[in-house]
Amino acid sequence: MNYPELRMRRLRKNRIIEDMVAETVLTPSNLILPLFFDENIDKDRPVASMPGVVNHPLKGYDAIGQGILGNGVRSVIVFGNPSKKDAKGSQAYAADGVSQKAIRGLKDNSDLYVIADLCMCEYTDHGHCGIVHDDVVDNDETLRMYGKIAVSQAEAGADMIAPSGMMDGQVGAIRKALDDAGFTDIPIMAYSAKYCSGFYGPFRDAVSSSFGGGSRSAYQMQWGNRREAMREIQLDIDEGADIIMVKPAMSYLDIIRDARERFDCPIAAYQVSGEYSMIQAAAANGWLDGDRVMMESLISIKRAGADIIITYFAEKAAKLMRGYI
Ligand code: PBG
């Protein structure tokens, strides 16, 4: 059958029939909200380059937990900005470090599922994601630190550990450290295919990264490589990742799709700070409809094959969605 007998518009006539044939549906439970905690502040501090996002002081965490639950978002990923940064990033694994305190606070004061981002770049004075020797990030020494950080975050009550540093062997090292410490039930969400992206710019502002003009290209992936992403993901699965991640999301939808076709584990995608800020900036100028583009961007990431989306829009998108579900 073809036109004029077949008319595709029949199934687009109104919202009811459109919803009935919808192939991709987003729900608040698909979303993870990133939260920033900063030891250096005593009241919420807006992140200048991310309109709508704030840095929270540690004492605000109980109220935050309650607010998010109201919108149907049930999980968060925690980032910390410590008051002291040093070459070894020692606050990253301190029992009373900023992320450990934030995790413990969120767990004590809410029913949120709390994911710990695990990296050293917020904690080192040079801003790299690990221990630096002779200007090079020492992969294997960094793995030992990652193991300690993971255990400290699990001890603080984290429900899941998400290593984002792109060291080789990080998932295996963290799995072993967690298991040895008795945390066999804590899953790992691996930032597996993490590109060396310019879209992370506003995030570095949010965590006051002391990373100057340097580059993470010695450990994060180059933009053009698609097959390499599959190798990275395969390695992480082999090392014990429970969920794998592609990051950023919108410029890497093909990678999400490739991963979906190849792997059966849950796939997360991170709609990163720059993706968020571009939409917010254009909306603030009246150049596009912010709510509409927010939903379109999230649906497209899910359509590409992501089960889970980490997004700064989580609360806002969940609020809009609640009109539908
Ligand atoms: C830390 C980390 C980064 C992001 C998440 N974890 C920054 C980076 O690798 O430079 C980026 C998040 C965002 O841009 O929203 N390793």
# chains A, B, ... in the order shown; residues from 1 in each chain; ligands from 1
>>> residues_near_ligand(ligand="ligand 1", cutoff="7 Å", atoms="only C-alpha atoms and all ligand atoms", output="compact mmCIF listing (two decimals) with N, CA, C and O atoms, in the first residue's frame")
# COMPACT_ATOMS: atom_id res chain seq x y z
N ASP A 117 30.07 9.97 42.19
CA ASP A 117 31.04 10.12 41.12
C ASP A 117 32.42 9.90 41.75
O ASP A 117 32.70 10.41 42.83
N CYS A 119 36.26 10.45 41.09
CA CYS A 119 37.39 10.99 40.32
C CYS A 119 38.25 11.82 41.25
O CYS A 119 37.88 12.09 42.38
N CYS A 121 39.87 14.78 40.00
CA CYS A 121 40.15 16.10 39.44
C CYS A 121 39.63 17.24 40.30
O CYS A 121 40.18 18.33 40.29
N CYS A 129 43.02 13.96 36.79
CA CYS A 129 42.12 12.95 37.37
C CYS A 129 42.86 11.86 38.14
O CYS A 129 42.30 10.81 38.45
N SER A 164 34.83 8.08 36.89
CA SER A 164 34.82 8.91 35.69
C SER A 164 36.21 9.31 35.22
O SER A 164 36.35 10.15 34.33
N GLY A 165 37.25 8.70 35.79
CA GLY A 165 38.60 9.19 35.50
C GLY A 165 39.28 8.64 34.26
O GLY A 165 40.35 9.11 33.88
N PHE A 199 32.62 20.24 25.81
CA PHE A 199 31.32 20.46 26.45
C PHE A 199 31.37 20.32 27.97
O PHE A 199 30.37 20.50 28.64
N TYR A 200 32.54 19.96 28.54
CA TYR A 200 32.65 19.88 30.00
C TYR A 200 33.01 21.24 30.63
O TYR A 200 33.12 21.34 31.85
N GLY A 201 33.22 22.25 29.79
CA GLY A 201 33.70 23.54 30.28
C GLY A 201 32.97 24.08 31.50
O GLY A 201 33.58 24.36 32.53
N PRO A 202 31.63 24.21 31.42
CA PRO A 202 30.92 24.80 32.57
C PRO A 202 31.03 23.96 33.85
O PRO A 202 31.02 24.51 34.95
N PHE A 203 31.18 22.65 33.73
CA PHE A 203 31.34 21.79 34.91
C PHE A 203 32.59 22.18 35.70
O PHE A 203 32.59 22.20 36.93
N ARG A 204 33.63 22.49 34.98
CA ARG A 204 34.89 22.82 35.67
C ARG A 204 34.74 24.09 36.48
O ARG A 204 35.37 24.27 37.51
N GLN A 271 24.16 13.84 29.72
CA GLN A 271 23.96 15.12 29.03
C GLN A 271 24.75 16.15 29.85
O GLN A 271 24.32 16.57 30.92
N VAL A 272 25.91 16.52 29.36
CA VAL A 272 26.88 17.23 30.20
C VAL A 272 26.60 18.73 30.30
O VAL A 272 25.69 19.26 29.65
N SER A 273 27.43 19.36 31.11
CA SER A 273 27.21 20.77 31.45
C SER A 273 27.07 21.67 30.22
O SER A 273 26.18 22.51 30.15
N GLY A 274 27.94 21.49 29.23
CA GLY A 274 27.89 22.36 28.05
C GLY A 274 26.62 22.17 27.24
O GLY A 274 26.09 23.12 26.66
>>> residues_around(residues="Arg303 in chain A", least_positions_apart="3", cutoff="10 Å", atoms="only C-alpha atoms", output="number ranges by chain")
A: 23-26, 253, 256-257, 297-300, 306-307
>>> write_last_selection(atoms="N, CA and C atoms", output="compact mmCIF listing (two decimals), in the first residue's frame")
# COMPACT_ATOMS: atom_id res chain seq x y z
N GLU A 23 7.00 5.63 20.43
CA GLU A 23 8.03 4.59 20.52
C GLU A 23 8.98 4.83 21.68
N THR A 24 9.10 6.07 22.09
CA THR A 24 10.06 6.41 23.13
C THR A 24 9.37 7.22 24.21
N VAL A 25 9.40 6.71 25.41
CA VAL A 25 8.74 7.39 26.52
C VAL A 25 9.76 7.60 27.63
N LEU A 26 9.71 8.80 28.17
CA LEU A 26 10.65 9.15 29.22
C LEU A 26 9.89 9.18 30.54
N LEU A 253 25.38 10.49 19.89
CA LEU A 253 24.20 9.62 19.82
C LEU A 253 24.51 8.34 19.04
N ILE A 256 25.99 5.86 21.42
CA ILE A 256 24.94 5.26 22.26
C ILE A 256 24.22 4.17 21.47
N ARG A 257 23.90 4.47 20.22
CA ARG A 257 23.20 3.49 19.38
C ARG A 257 24.07 2.24 19.12
N SER A 297 15.72 16.98 23.50
CA SER A 297 17.08 16.47 23.66
C SER A 297 17.07 15.19 24.49
N LEU A 298 16.26 15.15 25.54
CA LEU A 298 16.23 13.95 26.40
C LEU A 298 15.61 12.76 25.67
N ILE A 299 14.52 13.02 24.94
CA ILE A 299 13.89 11.94 24.17
C ILE A 299 14.87 11.39 23.13
N SER A 300 15.63 12.27 22.51
CA SER A 300 16.54 11.80 21.45
C SER A 300 17.66 10.94 22.04
N ALA A 306 19.77 4.96 25.17
CA ALA A 306 20.12 5.07 26.60
C ALA A 306 18.91 4.68 27.46
N ASP A 307 19.17 3.90 28.49
CA ASP A 307 18.12 3.58 29.46
C ASP A 307 18.03 4.66 30.53
>>> select_by_dssp(residues="range 24-71 of chain A", states="strand (DSSP E)", output="list in words")
Leu31, Ile32, Leu33, Pro34, Leu35, Phe36, Phe37, Asp38, Arg45, Pro46, Val54, Asn55 and His56 of chain A
>>> residues_around(residues="range 29-32 of chain A", least_positions_apart="6", cutoff="7 Å", atoms="only C-alpha atoms", output="MDAnalysis selection string")
chainID A and resid 73:77 307:311 314
>>> closest_residue(among="A:Val78, A:Lys59, A:Ala156, A:Gly130", to="Ala95 in chain A", atoms="only C-alpha atoms")
A:Ala156
>>> select_by_dssp(residues="range 58-303 of chain A", states="helix (DSSP H, G or I)", output="MDAnalysis selection string")
chainID A and resid 58:70 90:92 98:109 139:155 170:180 198:206 227:239 250:262 273:284 290:303
>>> closest_residue(among="A:Gly214, A:Ile131, A:Met189, A:Ser209", to="Lys84 in chain A", atoms="only C-alpha atoms")
A:Ser209
>>> closest_residue(among="A:Asp289, A:Glu39, A:Pro51, A:Thr27", to="Lys302 in chain A", atoms="only C-alpha atoms")
A:Thr27
>>> closest_residue(among="A:Ala283, A:Ile103, A:Ile237, A:Val47", to="Gly65 in chain A", atoms="only C-alpha atoms")
A:Ile103
>>> atom_distance(atom1="CA of Pro4 in chain A", atom2="CA of Val21 in chain A")
21.2 Å
>>> atom_distance(atom1="CA of Arg144 in chain A", atom2="CA of Lys247 in chain A")
24.3 Å
>>> closest_residue(among="A:Asp205, A:Asp264, A:Asp242, A:Asp96", to="Pro187 in chain A", atoms="only C-alpha atoms")
A:Asp242
>>> decode(residues="range 82-193 of chain A", atoms="C-alpha atoms", output="PDB file, in the first residue's frame")
ATOM      1  CA  PRO A  82      36.810  20.329  48.935  1.00  0.00           C
ATOM      2  CA  SER A  83      38.267  23.219  50.921  1.00  0.00           C
ATOM      3  CA  LYS A  84      41.769  21.791  50.470  1.00  0.00           C
ATOM      4  CA  LYS A  85      43.218  20.494  47.220  1.00  0.00           C
ATOM      5  CA  ASP A  86      46.645  18.831  47.159  1.00  0.00           C
ATOM      6  CA  ALA A  87      48.852  16.897  44.765  1.00  0.00           C
ATOM      7  CA  LYS A  88      47.531  13.529  45.955  1.00  0.00           C
ATOM      8  CA  GLY A  89      43.887  14.569  46.152  1.00  0.00           C
ATOM      9  CA  SER A  90      43.753  13.254  49.694  1.00  0.00           C
ATOM     10  CA  GLN A  91      40.351  14.758  50.440  1.00  0.00           C
ATOM     11  CA  ALA A  92      38.895  12.425  47.813  1.00  0.00           C
ATOM     12  CA  TYR A  93      39.138   9.446  50.169  1.00  0.00           C
ATOM     13  CA  ALA A  94      38.942  11.208  53.545  1.00  0.00           C
ATOM     14  CA  ALA A  95      36.249   9.712  55.779  1.00  0.00           C
ATOM     15  CA  ASP A  96      35.033  13.259  56.453  1.00  0.00           C
ATOM     16  CA  GLY A  97      35.655  14.520  52.915  1.00  0.00           C
ATOM     17  CA  VAL A  98      33.074  16.647  51.167  1.00  0.00           C
ATOM     18  CA  SER A  99      31.615  13.875  49.027  1.00  0.00           C
ATOM     19  CA  GLN A 100      31.518  11.413  51.922  1.00  0.00           C
ATOM     20  CA  LYS A 101      29.722  13.969  54.109  1.00  0.00           C
ATOM     21  CA  ALA A 102      27.268  14.834  51.355  1.00  0.00           C
ATOM     22  CA  ILE A 103      26.549  11.163  50.647  1.00  0.00           C
ATOM     23  CA  ARG A 104      25.993  10.405  54.328  1.00  0.00           C
ATOM     24  CA  GLY A 105      23.745  13.443  54.685  1.00  0.00           C
ATOM     25  CA  LEU A 106      21.638  12.558  51.672  1.00  0.00           C
ATOM     26  CA  LYS A 107      21.240   8.974  52.848  1.00  0.00           C
ATOM     27  CA  ASP A 108      20.318  10.039  56.378  1.00  0.00           C
ATOM     28  CA  ASN A 109      17.801  12.652  55.283  1.00  0.00           C
ATOM     29  CA  SER A 110      16.110  11.269  52.192  1.00  0.00           C
ATOM     30  CA  ASP A 111      15.104   8.127  50.342  1.00  0.00           C
ATOM     31  CA  LEU A 112      17.242   9.072  47.364  1.00  0.00           C
ATOM     32  CA  TYR A 113      19.403   6.562  45.535  1.00  0.00           C
ATOM     33  CA  VAL A 114      22.809   8.154  45.892  1.00  0.00           C
ATOM     34  CA  ILE A 115      25.507   7.584  43.300  1.00  0.00           C
ATOM     35  CA  ALA A 116      29.070   8.684  44.018  1.00  0.00           C
ATOM     36  CA  ASP A 117      31.044  10.120  41.120  1.00  0.00           C
ATOM     37  CA  LEU A 118      34.555   8.837  41.635  1.00  0.00           C
ATOM     38  CA  CYS A 119      37.385  10.985  40.316  1.00  0.00           C
ATOM     39  CA  MET A 120      40.294  12.994  41.623  1.00  0.00           C
ATOM     40  CA  CYS A 121      40.151  16.101  39.440  1.00  0.00           C
ATOM     41  CA  GLU A 122      38.071  18.057  41.934  1.00  0.00           C
ATOM     42  CA  TYR A 123      40.558  17.158  44.699  1.00  0.00           C
ATOM     43  CA  THR A 124      43.987  17.635  43.153  1.00  0.00           C
ATOM     44  CA  ASP A 125      45.732  21.007  43.066  1.00  0.00           C
ATOM     45  CA  HIS A 126      46.884  20.337  39.480  1.00  0.00           C
ATOM     46  CA  GLY A 127      43.361  19.364  38.386  1.00  0.00           C
ATOM     47  CA  HIS A 128      44.252  16.053  36.748  1.00  0.00           C
ATOM     48  CA  CYS A 129      42.119  12.950  37.370  1.00  0.00           C
ATOM     49  CA  GLY A 130      44.908  11.058  39.135  1.00  0.00           C
ATOM     50  CA  ILE A 131      48.399  11.058  40.615  1.00  0.00           C
ATOM     51  CA  VAL A 132      50.900  12.913  38.418  1.00  0.00           C
ATOM     52  CA  HIS A 133      54.560  11.896  38.001  1.00  0.00           C
ATOM     53  CA  ASP A 134      56.773  13.802  35.573  1.00  0.00           C
ATOM     54  CA  ASP A 135      53.751  15.516  34.023  1.00  0.00           C
ATOM     55  CA  VAL A 136      52.062  12.192  33.301  1.00  0.00           C
ATOM     56  CA  VAL A 137      49.093  10.748  35.173  1.00  0.00           C
ATOM     57  CA  ASP A 138      50.382   7.492  36.650  1.00  0.00           C
ATOM     58  CA  ASN A 139      47.691   4.986  35.755  1.00  0.00           C
ATOM     59  CA  ASP A 140      48.479   2.214  38.199  1.00  0.00           C
ATOM     60  CA  GLU A 141      49.182   4.362  41.216  1.00  0.00           C
ATOM     61  CA  THR A 142      45.935   6.197  40.495  1.00  0.00           C
ATOM     62  CA  LEU A 143      44.082   2.865  40.545  1.00  0.00           C
ATOM     63  CA  ARG A 144      45.192   2.309  44.133  1.00  0.00           C
ATOM     64  CA  MET A 145      43.735   5.698  45.042  1.00  0.00           C
ATOM     65  CA  TYR A 146      40.490   4.937  43.211  1.00  0.00           C
ATOM     66  CA  GLY A 147      40.124   1.753  45.265  1.00  0.00           C
ATOM     67  CA  LYS A 148      40.471   3.748  48.489  1.00  0.00           C
ATOM     68  CA  ILE A 149      38.035   6.408  47.319  1.00  0.00           C
ATOM     69  CA  ALA A 150      35.439   3.788  46.339  1.00  0.00           C
ATOM     70  CA  VAL A 151      35.610   2.125  49.745  1.00  0.00           C
ATOM     71  CA  SER A 152      35.327   5.473  51.553  1.00  0.00           C
ATOM     72  CA  GLN A 153      32.271   6.396  49.485  1.00  0.00           C
ATOM     73  CA  ALA A 154      30.676   3.002  50.124  1.00  0.00           C
ATOM     74  CA  GLU A 155      31.369   3.391  53.845  1.00  0.00           C
ATOM     75  CA  ALA A 156      29.626   6.778  53.682  1.00  0.00           C
ATOM     76  CA  GLY A 157      26.544   4.981  52.347  1.00  0.00           C
ATOM     77  CA  ALA A 158      26.764   5.388  48.554  1.00  0.00           C
ATOM     78  CA  ASP A 159      24.367   3.106  46.693  1.00  0.00           C
ATOM     79  CA  MET A 160      26.497   3.011  43.542  1.00  0.00           C
ATOM     80  CA  ILE A 161      29.995   4.034  42.477  1.00  0.00           C
ATOM     81  CA  ALA A 162      30.580   5.800  39.161  1.00  0.00           C
ATOM     82  CA  PRO A 163      34.254   6.087  38.187  1.00  0.00           C
ATOM     83  CA  SER A 164      34.820   8.914  35.686  1.00  0.00           C
ATOM     84  CA  GLY A 165      38.599   9.191  35.504  1.00  0.00           C
ATOM     85  CA  MET A 166      39.245   7.042  32.393  1.00  0.00           C
ATOM     86  CA  MET A 167      42.211   5.144  33.851  1.00  0.00           C
ATOM     87  CA  ASP A 168      42.849   1.717  32.349  1.00  0.00           C
ATOM     88  CA  GLY A 169      41.682  -1.035  34.664  1.00  0.00           C
ATOM     89  CA  GLN A 170      39.697   1.289  36.916  1.00  0.00           C
ATOM     90  CA  VAL A 171      36.537  -0.815  36.977  1.00  0.00           C
ATOM     91  CA  GLY A 172      38.409  -4.000  37.899  1.00  0.00           C
ATOM     92  CA  ALA A 173      40.439  -2.226  40.580  1.00  0.00           C
ATOM     93  CA  ILE A 174      37.361  -0.659  42.127  1.00  0.00           C
ATOM     94  CA  ARG A 175      35.373  -3.914  41.968  1.00  0.00           C
ATOM     95  CA  LYS A 176      38.176  -5.710  43.790  1.00  0.00           C
ATOM     96  CA  ALA A 177      38.574  -2.997  46.426  1.00  0.00           C
ATOM     97  CA  LEU A 178      34.821  -2.944  47.087  1.00  0.00           C
ATOM     98  CA  ASP A 179      34.589  -6.731  47.279  1.00  0.00           C
ATOM     99  CA  ASP A 180      37.609  -6.997  49.573  1.00  0.00           C
ATOM    100  CA  ALA A 181      35.971  -4.477  51.909  1.00  0.00           C
ATOM    101  CA  GLY A 182      32.730  -6.460  51.929  1.00  0.00           C
ATOM    102  CA  PHE A 183      30.777  -4.200  49.537  1.00  0.00           C
ATOM    103  CA  THR A 184      29.940  -6.962  47.090  1.00  0.00           C
ATOM    104  CA  ASP A 185      26.433  -5.607  46.492  1.00  0.00           C
ATOM    105  CA  ILE A 186      27.404  -2.090  45.424  1.00  0.00           C
ATOM    106  CA  PRO A 187      27.128  -1.745  41.634  1.00  0.00           C
ATOM    107  CA  ILE A 188      29.515   0.150  39.391  1.00  0.00           C
ATOM    108  CA  MET A 189      28.320   2.527  36.688  1.00  0.00           C
ATOM    109  CA  ALA A 190      31.376   3.012  34.509  1.00  0.00           C
ATOM    110  CA  TYR A 191      32.031   6.151  32.510  1.00  0.00           C
ATOM    111  CA  SER A 192      33.255   3.845  29.752  1.00  0.00           C
ATOM    112  CA  ALA A 193      33.282   5.904  26.571  1.00  0.00           C
TER     113      ALA A 193
END
